[in-house]
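S.K.: Supplied in structure tokens, the structure appears directly below.
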Amino acid sequence: VQVVESGGGLVQPGESLRLSCEATGFTFANYGMSWYRQAPGKERELVAGITSTGIVTDYPDSVKGRFAISRHRTKATVYLQMNSLKPEDTAVYYCKLRVLSRDYWGQGTQVSVSS
């Protein structure tokens, strides 16, 4: 199983960014994919999650109304649309695949928000 994130970068406050995550190497129909982030010196936190059937978990208050997770309809790919980015959104963003009670993590993609 391989999980690969892409789309990170450096943006200014107020701008938008879209992250992508593709999971390959498995064939089970039921799975969940999530986005986490970890800022320097802080614990990794859940940002958004979605099941293979499209059920979205609640967003934490820190990103609610600004971030939105979505999925590709035919393959294990999820997106994280991040709008109105703030400096405090700066972190490494990780994608996690959960299938058959096992977790698989991507290598992470850096998102930096700075003027």
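By convention here, the chains of the structure tokens are called A, B, ... in the order presented, each chain's residues are numbered starting at 1, and ligands are numbered starting at 1 in the order presented.
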Applying 7 Å and only C-alpha atoms, which residues near range 78-89 of chain A remain after dropping the ones on its own chain fewer than 2 positions away? List them as a PDB file with N, CA, C and O atoms, in the first residue's frame.

M.R.:
```
ATOM      1  N   PRO A  13      -1.108  34.779   3.459  1.00  0.00           N
ATOM      2  CA  PRO A  13      -2.382  34.722   4.204  1.00  0.00           C
ATOM      3  C   PRO A  13      -3.558  35.141   3.332  1.00  0.00           C
ATOM      4  O   PRO A  13      -3.465  36.100   2.564  1.00  0.00           O
ATOM      5  N   GLY A  14      -4.657  34.397   3.463  1.00  0.00           N
ATOM      6  CA  GLY A  14      -5.852  34.677   2.687  1.00  0.00           C
ATOM      7  C   GLY A  14      -5.945  33.906   1.385  1.00  0.00           C
ATOM      8  O   GLY A  14      -7.022  33.856   0.780  1.00  0.00           O
ATOM      9  N   GLU A  15      -4.844  33.335   0.969  1.00  0.00           N
ATOM     10  CA  GLU A  15      -4.855  32.575  -0.277  1.00  0.00           C
ATOM     11  C   GLU A  15      -5.354  31.148  -0.056  1.00  0.00           C
ATOM     12  O   GLU A  15      -5.635  30.732   1.063  1.00  0.00           O
ATOM     13  N   SER A  16      -5.467  30.427  -1.168  1.00  0.00           N
ATOM     14  CA  SER A  16      -5.986  29.063  -1.125  1.00  0.00           C
ATOM     15  C   SER A  16      -4.952  28.064  -1.629  1.00  0.00           C
ATOM     16  O   SER A  16      -4.016  28.426  -2.352  1.00  0.00           O
ATOM     17  N   LEU A  17      -5.171  26.832  -1.248  1.00  0.00           N
ATOM     18  CA  LEU A  17      -4.287  25.742  -1.674  1.00  0.00           C
ATOM     19  C   LEU A  17      -5.120  24.472  -1.694  1.00  0.00           C
ATOM     20  O   LEU A  17      -6.030  24.303  -0.869  1.00  0.00           O
ATOM     21  N   ARG A  18      -4.809  23.587  -2.626  1.00  0.00           N
ATOM     22  CA  ARG A  18      -5.522  22.307  -2.704  1.00  0.00           C
ATOM     23  C   ARG A  18      -4.514  21.175  -2.626  1.00  0.00           C
ATOM     24  O   ARG A  18      -3.613  21.082  -3.466  1.00  0.00           O
ATOM     25  N   LEU A  19      -4.687  20.324  -1.634  1.00  0.00           N
ATOM     26  CA  LEU A  19      -3.839  19.163  -1.472  1.00  0.00           C
ATOM     27  C   LEU A  19      -4.518  17.939  -2.080  1.00  0.00           C
ATOM     28  O   LEU A  19      -5.743  17.835  -2.062  1.00  0.00           O
ATOM     29  N   SER A  20      -3.709  17.027  -2.567  1.00  0.00           N
ATOM     30  CA  SER A  20      -4.212  15.766  -3.109  1.00  0.00           C
ATOM     31  C   SER A  20      -3.515  14.611  -2.422  1.00  0.00           C
ATOM     32  O   SER A  20      -2.361  14.728  -2.008  1.00  0.00           O
ATOM     33  N   CYS A  21      -4.218  13.508  -2.329  1.00  0.00           N
ATOM     34  CA  CYS A  21      -3.647  12.301  -1.734  1.00  0.00           C
ATOM     35  C   CYS A  21      -4.187  11.096  -2.489  1.00  0.00           C
ATOM     36  O   CYS A  21      -5.408  10.929  -2.597  1.00  0.00           O
ATOM     37  N   GLU A  22      -3.291  10.282  -2.986  1.00  0.00           N
ATOM     38  CA  GLU A  22      -3.683   9.078  -3.697  1.00  0.00           C
ATOM     39  C   GLU A  22      -3.154   7.854  -2.976  1.00  0.00           C
ATOM     40  O   GLU A  22      -1.964   7.795  -2.633  1.00  0.00           O
ATOM     41  N   ARG A  66     -13.440  26.833   6.384  1.00  0.00           N
ATOM     42  CA  ARG A  66     -12.339  27.205   5.481  1.00  0.00           C
ATOM     43  C   ARG A  66     -11.799  26.017   4.696  1.00  0.00           C
ATOM     44  O   ARG A  66     -11.357  26.174   3.561  1.00  0.00           O
ATOM     45  N   PHE A  67     -11.794  24.850   5.309  1.00  0.00           N
ATOM     46  CA  PHE A  67     -11.257  23.649   4.674  1.00  0.00           C
ATOM     47  C   PHE A  67     -12.408  22.726   4.275  1.00  0.00           C
ATOM     48  O   PHE A  67     -13.444  22.659   4.962  1.00  0.00           O
ATOM     49  N   ALA A  68     -12.196  21.991   3.201  1.00  0.00           N
ATOM     50  CA  ALA A  68     -13.199  21.023   2.761  1.00  0.00           C
ATOM     51  C   ALA A  68     -12.507  19.818   2.143  1.00  0.00           C
ATOM     52  O   ALA A  68     -11.646  19.970   1.267  1.00  0.00           O
ATOM     53  N   ILE A  69     -12.909  18.657   2.604  1.00  0.00           N
ATOM     54  CA  ILE A  69     -12.358  17.414   2.054  1.00  0.00           C
ATOM     55  C   ILE A  69     -13.340  16.857   1.028  1.00  0.00           C
ATOM     56  O   ILE A  69     -14.553  16.971   1.187  1.00  0.00           O
ATOM     57  N   SER A  70     -12.806  16.259  -0.009  1.00  0.00           N
ATOM     58  CA  SER A  70     -13.635  15.622  -1.020  1.00  0.00           C
ATOM     59  C   SER A  70     -12.877  14.410  -1.560  1.00  0.00           C
ATOM     60  O   SER A  70     -11.708  14.217  -1.240  1.00  0.00           O
ATOM     61  N   ARG A  71     -13.563  13.625  -2.345  1.00  0.00           N
ATOM     62  CA  ARG A  71     -12.933  12.402  -2.851  1.00  0.00           C
ATOM     63  C   ARG A  71     -13.208  12.219  -4.330  1.00  0.00           C
ATOM     64  O   ARG A  71     -14.191  12.737  -4.866  1.00  0.00           O
ATOM     65  N   HIS A  72     -12.325  11.450  -4.949  1.00  0.00           N
ATOM     66  CA  HIS A  72     -12.552  11.056  -6.328  1.00  0.00           C
ATOM     67  C   HIS A  72     -13.586   9.937  -6.312  1.00  0.00           C
ATOM     68  O   HIS A  72     -13.604   9.107  -5.408  1.00  0.00           O
ATOM     69  N   ALA A  76      -9.138   5.760  -5.004  1.00  0.00           N
ATOM     70  CA  ALA A  76      -8.827   6.145  -3.618  1.00  0.00           C
ATOM     71  C   ALA A  76      -7.973   7.409  -3.604  1.00  0.00           C
ATOM     72  O   ALA A  76      -6.768   7.364  -3.316  1.00  0.00           O
ATOM     73  N   ALA A  91       2.089  23.940   8.558  1.00  0.00           N
ATOM     74  CA  ALA A  91       2.332  22.612   9.131  1.00  0.00           C
ATOM     75  C   ALA A  91       2.699  21.651   8.009  1.00  0.00           C
ATOM     76  O   ALA A  91       2.570  21.984   6.820  1.00  0.00           O
ATOM     77  N   VAL A 113       2.290  29.276   5.325  1.00  0.00           N
ATOM     78  CA  VAL A 113       1.490  30.471   5.078  1.00  0.00           C
ATOM     79  C   VAL A 113       2.216  31.646   5.716  1.00  0.00           C
ATOM     80  O   VAL A 113       2.347  31.731   6.931  1.00  0.00           O
ATOM     81  N   SER A 114       2.682  32.522   4.868  1.00  0.00           N
ATOM     82  CA  SER A 114       3.486  33.635   5.370  1.00  0.00           C
ATOM     83  C   SER A 114       3.452  34.783   4.377  1.00  0.00           C
ATOM     84  O   SER A 114       3.401  34.576   3.170  1.00  0.00           O
TER      85      SER A 114
END
```

S.K.: Please identify every residue of range 62-97 of chain A that has at least one atom no farther than 9 Å from an atom of range 4-7 of chain A, counting only C-alpha atoms, and for each give the shortest atom pair and the distance in Å to one decimal, arranged by chain then increasing number, as CSV.

M.R.:
```
residue,atom,partner,partner_atom,distance
A:Tyr93,CA,A:Glu5,CA,8.3
A:Tyr94,CA,A:Glu5,CA,7.2
A:Cys95,CA,A:Glu5,CA,6.5
```

S.K.: Just write the chosen residues, N, CA, C and O atoms, as a PDB file, in the first residue's frame.

M.R.:
```pdb
ATOM      1  N   TYR A  93       1.333  18.498   6.306  1.00  0.00           N
ATOM      2  CA  TYR A  93       0.028  17.859   6.180  1.00  0.00           C
ATOM      3  C   TYR A  93       0.227  16.419   5.720  1.00  0.00           C
ATOM      4  O   TYR A  93       0.885  16.163   4.717  1.00  0.00           O
ATOM      5  N   TYR A  94      -0.373  15.526   6.493  1.00  0.00           N
ATOM      6  CA  TYR A  94      -0.248  14.102   6.223  1.00  0.00           C
ATOM      7  C   TYR A  94      -1.592  13.513   5.829  1.00  0.00           C
ATOM      8  O   TYR A  94      -2.634  13.876   6.366  1.00  0.00           O
ATOM      9  N   CYS A  95      -1.526  12.553   4.953  1.00  0.00           N
ATOM     10  CA  CYS A  95      -2.710  11.803   4.557  1.00  0.00           C
ATOM     11  C   CYS A  95      -2.629  10.411   5.165  1.00  0.00           C
ATOM     12  O   CYS A  95      -1.547   9.799   5.193  1.00  0.00           O
TER      13      CYS A  95
END
```

S.K.: Under the rule that only C-alpha atoms are counted, which of A:Thr90, A:Ser112, A:Ser62, A:Ser52 is the nearest residue to Thr74 in chain A?

M.R.: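 Answer, going by the shortest atom-to-atom distance: A:Ser52.
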
S.K.: Name the residues of chain A that fall into strand (DSSP E) according to DSSP on the backbone, using the chain letters and numbers of this document, as a ChimeraX atom specification.

M.R.: /A:2-6,9-11,17-24,32-38,45-51,67-71,77-82,91-99,102-105,109-113

S.K.: Just checking: using only C-alpha atoms, which residue out of A:Gly54, A:Gly65, A:Gly9, A:Gly106 ends up closest to Tyr36 in chain A?

M.R.: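 Smallest separation from Tyr36 in chain A among the options: A:Gly106.
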
S.K.: Mind pulling up the distance from CA of Ala29 in chain A to CA of Tyr104 in chain A?

M.R.: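 If I compute the distance from CA of Tyr104 in chain A to CA of Ala29 in chain A, I get 15.8 Å.
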
S.K.: Excluding same-chain residues fewer than 6 positions from Asn30 in chain A, what lies within 10 Å of it counting only C-alpha atoms, as an mmCIF file with all heavy atoms, in the first residue's frame?

M.R.:
```cif
data_model
loop_
_atom_site.group_PDB
_atom_site.id
_atom_site.type_symbol
_atom_site.label_atom_id
_atom_site.label_comp_id
_atom_site.auth_asym_id
_atom_site.auth_seq_id
_atom_site.Cartn_x
_atom_site.Cartn_y
_atom_site.Cartn_z
ATOM 1 N N THR A 51 -15.059 8.850 4.296
ATOM 2 C CA THR A 51 -15.107 7.419 4.034
ATOM 3 C C THR A 51 -15.224 7.175 2.528
ATOM 4 O O THR A 51 -15.454 8.103 1.747
ATOM 5 C CB THR A 51 -16.298 6.772 4.730
ATOM 6 O OG1 THR A 51 -17.516 7.246 4.103
ATOM 7 C CG2 THR A 51 -16.341 7.126 6.209
ATOM 8 N N SER A 52 -15.101 5.923 2.164
ATOM 9 C CA SER A 52 -15.202 5.563 0.750
ATOM 10 C C SER A 52 -16.605 5.792 0.205
ATOM 11 O O SER A 52 -16.801 5.843 -1.008
ATOM 12 C CB SER A 52 -14.786 4.113 0.538
ATOM 13 O OG SER A 52 -15.537 3.265 1.388
ATOM 14 N N THR A 53 -17.573 5.932 1.123
ATOM 15 C CA THR A 53 -18.946 6.198 0.692
ATOM 16 C C THR A 53 -19.275 7.683 0.742
ATOM 17 O O THR A 53 -20.408 8.078 0.491
ATOM 18 C CB THR A 53 -19.944 5.432 1.575
ATOM 19 O OG1 THR A 53 -19.717 5.779 2.946
ATOM 20 C CG2 THR A 53 -19.775 3.938 1.390
ATOM 21 N N ARG A 98 -7.025 4.318 6.087
ATOM 22 C CA ARG A 98 -7.377 3.293 7.063
ATOM 23 C C ARG A 98 -8.192 2.220 6.335
ATOM 24 O O ARG A 98 -9.283 2.496 5.810
ATOM 25 C CB ARG A 98 -8.169 3.858 8.222
ATOM 26 C CG ARG A 98 -8.452 2.843 9.323
ATOM 27 C CD ARG A 98 -8.997 3.515 10.568
ATOM 28 N NE ARG A 98 -9.259 2.577 11.639
ATOM 29 C CZ ARG A 98 -8.355 2.166 12.529
ATOM 30 N NH1 ARG A 98 -7.117 2.615 12.443
ATOM 31 N NH2 ARG A 98 -8.676 1.325 13.489
ATOM 32 N N VAL A 99 -7.654 1.007 6.327
ATOM 33 C CA VAL A 99 -8.345 -0.100 5.681
ATOM 34 C C VAL A 99 -8.086 -1.359 6.480
ATOM 35 O O VAL A 99 -6.950 -1.618 6.905
ATOM 36 C CB VAL A 99 -7.903 -0.245 4.200
ATOM 37 C CG1 VAL A 99 -6.405 -0.486 4.093
ATOM 38 C CG2 VAL A 99 -8.671 -1.332 3.499
ATOM 39 N N LEU A 100 -9.140 -2.121 6.745
ATOM 40 C CA LEU A 100 -9.054 -3.341 7.548
ATOM 41 C C LEU A 100 -8.357 -3.075 8.878
ATOM 42 O O LEU A 100 -7.492 -3.853 9.315
ATOM 43 C CB LEU A 100 -8.325 -4.435 6.768
ATOM 44 C CG LEU A 100 -9.031 -4.961 5.513
ATOM 45 C CD1 LEU A 100 -8.199 -6.039 4.844
ATOM 46 C CD2 LEU A 100 -10.423 -5.480 5.856
#
```

S.K.: My list of candidates is A:Lys75, A:Val92, A:Val56, A:Ala23. Which is closest to Arg44 in chain A when distances are computed with only C-alpha atoms?

M.R.: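 Checking each candidate against Arg44 in chain A, we get A:Val92 as the closest.
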
S.K.: Pick from A:Lys96, A:Arg73, A:Arg37, A:Lys42: nearest to Gln2 in chain A, with only C-alpha atoms counted?

M.R.: A:Lys96

S.K.: With distances taken over only C-alpha atoms, which residue among A:Thr77, A:Gln38, A:Met33, A:Leu10 lies nearest Thr57 in chain A?

M.R.: A:Met33

S.K.: Point out the residue among A:Val63, A:Val111, A:Val3, A:Ala48 with the least atom-to-atom distance to Gly25 in chain A, counting only C-alpha atoms.

M.R.: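 Of A:Val63, A:Val111, A:Val3, A:Ala48, the one nearest Gly25 in chain A, counting only C-alpha atoms, is A:Val3.
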